[in-house]
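Asker: Below is the structure I would like to discuss, written out as structure tokens.
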There are 2 protein chains.
Amino acid sequence: MDVFNSINDVKAKISSKKLSGQTVGFVPTMGFLHEGHLKLIDQAKEENDVVVLSIFVNPLQFGENEDLDAYPRDEERDLTLAEQHGVDLVFFPTTETMYPQPLSLNISVVRRGDVLCGKSRPGHFEGVVTILTKLFNICQPDRAYFGRKDAQQVAVVDALIEDFNFPIELVAVDTVREADGLAKSSRNVNLSDKEREEAPSIQEALQYGKELIERGKDLPAAVLQKTRQFLENKTRGKIDYIELLSYPELEPLEKIDRQVILAIAVFYERARLIDNVILNEASLDKGN
Amino acid sequence: MDVFNSINDVKAKISSKKLSGQTVGFVPTMGFLHEGHLKLIDQAKEENDVVVLSIFVNPLQFGENEDLDAYPRDEERDLTLAEQHGVDLVFFPTTETMYPQPLSLNISVVRRGDVLCGKSRPGHFEGVVTILTKLFNICQPDRAYFGRKDAQQVAVVDALIEDFNFPIELVAVDTVREADGLAKSSRNVNLSDKEREEAPSIQEALQYGKELIERGKDLPAAVLQKTRQFLENKTRGKIDYIELLSYPELEPLEKIDRQVILAIAVFYERARLIDNVILNEASLDKGN
């Protein structure tokens, strides 16, 4: 496994691989790898000749009052795990390498960006699409892998690839969970014991809401209200949002008649957790 | 020479060329090719295995009151010229192909964009960088060719490639001129006979200003004032701007102590013409 800090070095290495006809699967991460990331890597390994992992905690996607400094890091463990899972190239740049000078261009997200996490985290998806535009051009992947836990990120990356015609296939991979249903996240280590006990209620609330939707008797507002009540009874975390939207367009719904996402974000003391469930049209009660 | 209208077809063809180790030179144009474009094509031909020409009049870079409808077109002649000059692939999409739905992302130009043509044409460079981001991803060039006549465009494309890490070398090619000094432009056909007689005064004014700068006795404001007077005496066209800025940063100058651009834009009845001269540090009188 090769580890590169320099843009030119990793570009040159990947270019030579591509020239020899090898396909490149790319897993962009902020490090502190957990099983969710490893699942992305494993799937990339199955589907491509070369797997490129990037590790970069991107300051541009953190707000001023967010957890950039608290974001957990463990480089050595990350590299060990990457090697064990067959990663071929790791791109591990510094902030100065990725942002050597103030940017002259600015990408804004005018659709799919102003709901869910985008509403709670202004500028977050601008930071995400900017770093991904850079990383896509550096790593030139054939396929890029993202977890469905960050469903809005998947929707925004889908728009990025479509709008800008990147020659890249977006691969969305199912969320990996703890035994009790909590979605794996690098931020879970920042939960207190008590919070960790309560956090699976996010997934329970999503399953509860999913059943309401599948039963087909409630309009969106009622689904949201009941799901909120369910969750408030189970955790003292502060609910940031519970939303039900079309997917991947992320537009509000008067009734539930197409693919939808039910998504939740909860603030705990030192971590904000997110999770979601996507219901495709086939699973909806057509009598709704 | 192959002509493609479909994004997928041209992408596939170029990918197969690149996979076989061939380098790609890309000349993006809005068609109505003149000798300036042909010089770009010729240089691309010399420096690459494959030359890709795109012809697309990009509505996104025209303002509401600009000359989108008046922009001259001659597809048949363009294809004949392209073939004569050894273009391998022409990408000739429709507006619907390039913009099948409203964009979810928006690129703004926060540096290098708010002076010169960017000031006179709000939204113009946003349209330019958006279409180029798309075309770069579709055509995957090793080198992209631009004329120095559009010096601000060269500066903005330089920022686009740097900011977003496109694996592309920007090649800026000298302006081609008529015998009397007028810069070749697709818009020159929209000049009246009288305007056509006066239009070389733009280049004369730039040469006059260049001599003032090289002489090194005038501060920027005086160079601009004298050049404006020179030009006003020679043409009845309405001066849109005369500016003297650092290059490629395009920042205002208190004194002329680094590479600079002197740039002019003039409105005629049915055409707005631009031209410029760039003076590098070596040509400046160090006693200034």
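Ordered as shown in the structure tokens, chains take letters A, B, and onward, while each chain numbers its residues from 1 and ligands are numbered from 1 in the order shown.
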Compile a residue-level contact table for chain A against chain B at a cut-off of 10 Å, reporting for every qualifying residue the shortest atom pair and its distance in Å to one decimal, with only C-alpha atoms counted, rows ordered by chain and ascending number, as JSON lines.
Answerer:
```
{"residue": "A:Ile7", "atom": "CA", "partner": "B:Asn165", "partner_atom": "CA", "distance": 8.6}
{"residue": "A:Asn8", "atom": "CA", "partner": "B:Pro167", "partner_atom": "CA", "distance": 9.3}
{"residue": "A:Lys11", "atom": "CA", "partner": "B:Pro167", "partner_atom": "CA", "distance": 7.9}
{"residue": "A:Ala12", "atom": "CA", "partner": "B:Pro167", "partner_atom": "CA", "distance": 9.7}
{"residue": "A:Ser15", "atom": "CA", "partner": "B:Pro167", "partner_atom": "CA", "distance": 9.6}
{"residue": "A:Ser16", "atom": "CA", "partner": "B:Gly21", "partner_atom": "CA", "distance": 9.8}
{"residue": "A:Lys18", "atom": "CA", "partner": "B:Leu19", "partner_atom": "CA", "distance": 7.3}
{"residue": "A:Leu19", "atom": "CA", "partner": "B:Leu19", "partner_atom": "CA", "distance": 5.4}
{"residue": "A:Ser20", "atom": "CA", "partner": "B:Leu19", "partner_atom": "CA", "distance": 7.3}
{"residue": "A:Gly21", "atom": "CA", "partner": "B:Leu19", "partner_atom": "CA", "distance": 6.2}
{"residue": "A:Gln22", "atom": "CA", "partner": "B:Leu19", "partner_atom": "CA", "distance": 9.4}
{"residue": "A:Met98", "atom": "CA", "partner": "B:Asp163", "partner_atom": "CA", "distance": 8.9}
{"residue": "A:Tyr99", "atom": "CA", "partner": "B:Asp163", "partner_atom": "CA", "distance": 8.1}
{"residue": "A:Pro100", "atom": "CA", "partner": "B:Asp163", "partner_atom": "CA", "distance": 9.1}
{"residue": "A:Gln101", "atom": "CA", "partner": "B:Asp163", "partner_atom": "CA", "distance": 8.7}
{"residue": "A:Pro102", "atom": "CA", "partner": "B:Asp163", "partner_atom": "CA", "distance": 8.7}
{"residue": "A:Leu103", "atom": "CA", "partner": "B:Asp163", "partner_atom": "CA", "distance": 5.9}
{"residue": "A:Ser104", "atom": "CA", "partner": "B:Arg111", "partner_atom": "CA", "distance": 4.6}
{"residue": "A:Leu105", "atom": "CA", "partner": "B:Val109", "partner_atom": "CA", "distance": 4.6}
{"residue": "A:Asn106", "atom": "CA", "partner": "B:Ser108", "partner_atom": "CA", "distance": 5.1}
{"residue": "A:Ile107", "atom": "CA", "partner": "B:Ile107", "partner_atom": "CA", "distance": 4.4}
{"residue": "A:Ser108", "atom": "CA", "partner": "B:Asn106", "partner_atom": "CA", "distance": 5.1}
{"residue": "A:Val109", "atom": "CA", "partner": "B:Leu105", "partner_atom": "CA", "distance": 4.6}
{"residue": "A:Val110", "atom": "CA", "partner": "B:Ser104", "partner_atom": "CA", "distance": 5.2}
{"residue": "A:Arg111", "atom": "CA", "partner": "B:Ser104", "partner_atom": "CA", "distance": 4.6}
{"residue": "A:Arg112", "atom": "CA", "partner": "B:Ser104", "partner_atom": "CA", "distance": 7.1}
{"residue": "A:Gly113", "atom": "CA", "partner": "B:Ser104", "partner_atom": "CA", "distance": 8.5}
{"residue": "A:Glu126", "atom": "CA", "partner": "B:Leu105", "partner_atom": "CA", "distance": 9.0}
{"residue": "A:Val129", "atom": "CA", "partner": "B:Leu105", "partner_atom": "CA", "distance": 8.9}
{"residue": "A:Thr130", "atom": "CA", "partner": "B:Phe164", "partner_atom": "CA", "distance": 7.7}
{"residue": "A:Ile131", "atom": "CA", "partner": "B:Phe164", "partner_atom": "CA", "distance": 8.3}
{"residue": "A:Leu132", "atom": "CA", "partner": "B:Phe164", "partner_atom": "CA", "distance": 9.1}
{"residue": "A:Thr133", "atom": "CA", "partner": "B:Phe164", "partner_atom": "CA", "distance": 6.1}
{"residue": "A:Lys134", "atom": "CA", "partner": "B:Phe164", "partner_atom": "CA", "distance": 4.6}
{"residue": "A:Leu135", "atom": "CA", "partner": "B:Asn165", "partner_atom": "CA", "distance": 7.9}
{"residue": "A:Phe136", "atom": "CA", "partner": "B:Asn165", "partner_atom": "CA", "distance": 8.7}
{"residue": "A:Asn137", "atom": "CA", "partner": "B:Phe166", "partner_atom": "CA", "distance": 5.2}
{"residue": "A:Ile138", "atom": "CA", "partner": "B:Asn165", "partner_atom": "CA", "distance": 6.2}
{"residue": "A:Cys139", "atom": "CA", "partner": "B:Pro167", "partner_atom": "CA", "distance": 9.6}
{"residue": "A:Gln140", "atom": "CA", "partner": "B:Pro167", "partner_atom": "CA", "distance": 8.9}
{"residue": "A:Val156", "atom": "CA", "partner": "B:Ser104", "partner_atom": "CA", "distance": 8.2}
{"residue": "A:Asp158", "atom": "CA", "partner": "B:Ser104", "partner_atom": "CA", "distance": 9.9}
{"residue": "A:Ala159", "atom": "CA", "partner": "B:Ser104", "partner_atom": "CA", "distance": 6.1}
{"residue": "A:Leu160", "atom": "CA", "partner": "B:Leu105", "partner_atom": "CA", "distance": 6.9}
{"residue": "A:Ile161", "atom": "CA", "partner": "B:Asn137", "partner_atom": "CA", "distance": 9.6}
{"residue": "A:Glu162", "atom": "CA", "partner": "B:Leu103", "partner_atom": "CA", "distance": 8.8}
{"residue": "A:Asp163", "atom": "CA", "partner": "B:Leu103", "partner_atom": "CA", "distance": 5.9}
{"residue": "A:Phe164", "atom": "CA", "partner": "B:Lys134", "partner_atom": "CA", "distance": 4.6}
{"residue": "A:Asn165", "atom": "CA", "partner": "B:Lys134", "partner_atom": "CA", "distance": 5.4}
{"residue": "A:Phe166", "atom": "CA", "partner": "B:Asn137", "partner_atom": "CA", "distance": 5.2}
{"residue": "A:Pro167", "atom": "CA", "partner": "B:Asn137", "partner_atom": "CA", "distance": 6.4}
{"residue": "A:Ile168", "atom": "CA", "partner": "B:Asn137", "partner_atom": "CA", "distance": 9.5}
{"residue": "A:Glu249", "atom": "CA", "partner": "B:Ser104", "partner_atom": "CA", "distance": 9.8}
```
Asker: Contacts of Pro59 in chain A at 8 Å or less, counting only C-alpha atoms, minus same-chain residues fewer than 6 places along, as a list of chain:residue names?
Answerer: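 The residues that qualify are A:Leu68, A:Thr95, A:Gly127.
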Asker: Leaving out Glu198 in chain B and any residue of its chain fewer than 2 positions from it, which residues lie within 8 Å of it when counting only C-alpha atoms, given as a ChimeraX atom specification?
Answerer: /B:194-196,200-201,234-236
Asker: Considering only C-alpha atoms, can you say which of A:Gln84, A:Arg270, A:Phe26, A:Ile239 comes closest to Glu66 in chain A?
Answerer: A:Arg270
Asker: Neighbouring residues of Leu38 in chain A were defined as those with any atom within 10 Å, considering only C-alpha atoms; residues of the same chain fewer than 4 positions away were excluded. Please report them as an mmCIF file with C-alpha atoms, in the first residue's frame.
Answerer:
```cif
data_model
loop_
_atom_site.group_PDB
_atom_site.id
_atom_site.type_symbol
_atom_site.label_atom_id
_atom_site.label_comp_id
_atom_site.auth_asym_id
_atom_site.auth_seq_id
_atom_site.Cartn_x
_atom_site.Cartn_y
_atom_site.Cartn_z
ATOM 1 C CA VAL A 27 -13.477 6.022 -1.023
ATOM 2 C CA LEU A 33 -12.336 4.521 9.974
ATOM 3 C CA HIS A 34 -15.162 2.347 11.250
ATOM 4 C CA ASP A 42 -14.553 -3.859 0.602
ATOM 5 C CA GLN A 43 -17.151 -3.121 -2.053
ATOM 6 C CA ALA A 44 -14.720 -0.876 -3.962
ATOM 7 C CA LEU A 81 -7.133 -0.980 8.666
ATOM 8 C CA ALA A 82 -6.749 0.301 5.115
ATOM 9 C CA GLN A 84 -5.787 -5.021 5.991
ATOM 10 C CA HIS A 85 -8.719 -4.313 3.678
ATOM 11 C CA VAL A 87 -6.475 -0.463 -0.141
ATOM 12 C CA VAL A 176 -23.492 -0.516 8.850
#
```
Asker: When DSSP is applied to the backbone of this structure, which of range 113-283 of chain B are assigned alpha helix (DSSP H)? Write them out as a ChimeraX atom specification.
Answerer: /B:116-120,124-139,151-164,193-198,201-215,220-232
Asker: I want to know what sits within 12 Å of Asp69 in chain A, based on only C-alpha atoms, with residues of the same chain fewer than 5 positions away left out; could you give that as a VMD selection string?
Answerer: chain A and resid 57 to 59 62 to 64 270
Asker: Distance CA of Ala199 in chain A-CA of Val128 in chain A, one decimal place?
Answerer: 25.8 Å
Asker: Expressed in Å to a single decimal, how great is the separation between CA of Gly237 in chain A and CA of Phe267 in chain A?
Answerer: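 Computing the Euclidean distance for CA of Gly237 in chain A and CA of Phe267 in chain A yields 5.6 Å.
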Asker: Do you have the CA of Glu211 in chain A-CA of Val223 in chain A distance handy?
Answerer: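 Taking CA of Glu211 in chain A as the start and CA of Val223 in chain A as the end point, the length is 9.6 Å.
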Asker: For each of B:Leu244, B:Leu253, B:Gly36, B:Glu281, take the minimum atom-to-atom distance to Arg177 in chain B, counting only C-alpha atoms, then give the residue where this is smallest.
Answerer: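 Selected residue with least distance to Arg177 in chain B: B:Gly36.
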Asker: Running DSSP on the backbone, which parts of range 35-128 of chain B land in strand (DSSP E or B), as a PyMOL selection string?
Answerer: chain B and resi 50-55+89-91+105-109
Asker: Just write the chosen residues, C-alpha atoms, as a PDB file, in the first residue's frame.
Answerer:
```pdb
ATOM      1  CA  VAL B  50      -5.823  13.674 -30.580  1.00  0.00           C
ATOM      2  CA  VAL B  51      -7.480  17.074 -31.045  1.00  0.00           C
ATOM      3  CA  VAL B  52     -11.010  17.541 -29.726  1.00  0.00           C
ATOM      4  CA  LEU B  53     -12.942  20.652 -30.781  1.00  0.00           C
ATOM      5  CA  SER B  54     -16.178  21.599 -29.051  1.00  0.00           C
ATOM      6  CA  ILE B  55     -18.678  23.929 -30.681  1.00  0.00           C
ATOM      7  CA  LEU B  89     -13.266  14.696 -32.850  1.00  0.00           C
ATOM      8  CA  VAL B  90     -15.876  17.441 -32.835  1.00  0.00           C
ATOM      9  CA  PHE B  91     -18.301  17.661 -29.921  1.00  0.00           C
ATOM     10  CA  LEU B 105     -24.941  23.515  -8.164  1.00  0.00           C
ATOM     11  CA  ASN B 106     -23.776  26.985  -8.999  1.00  0.00           C
ATOM     12  CA  ILE B 107     -20.179  28.123  -9.429  1.00  0.00           C
ATOM     13  CA  SER B 108     -19.383  31.735  -8.669  1.00  0.00           C
ATOM     14  CA  VAL B 109     -16.147  33.550  -9.440  1.00  0.00           C
TER      15      VAL B 109
END
```
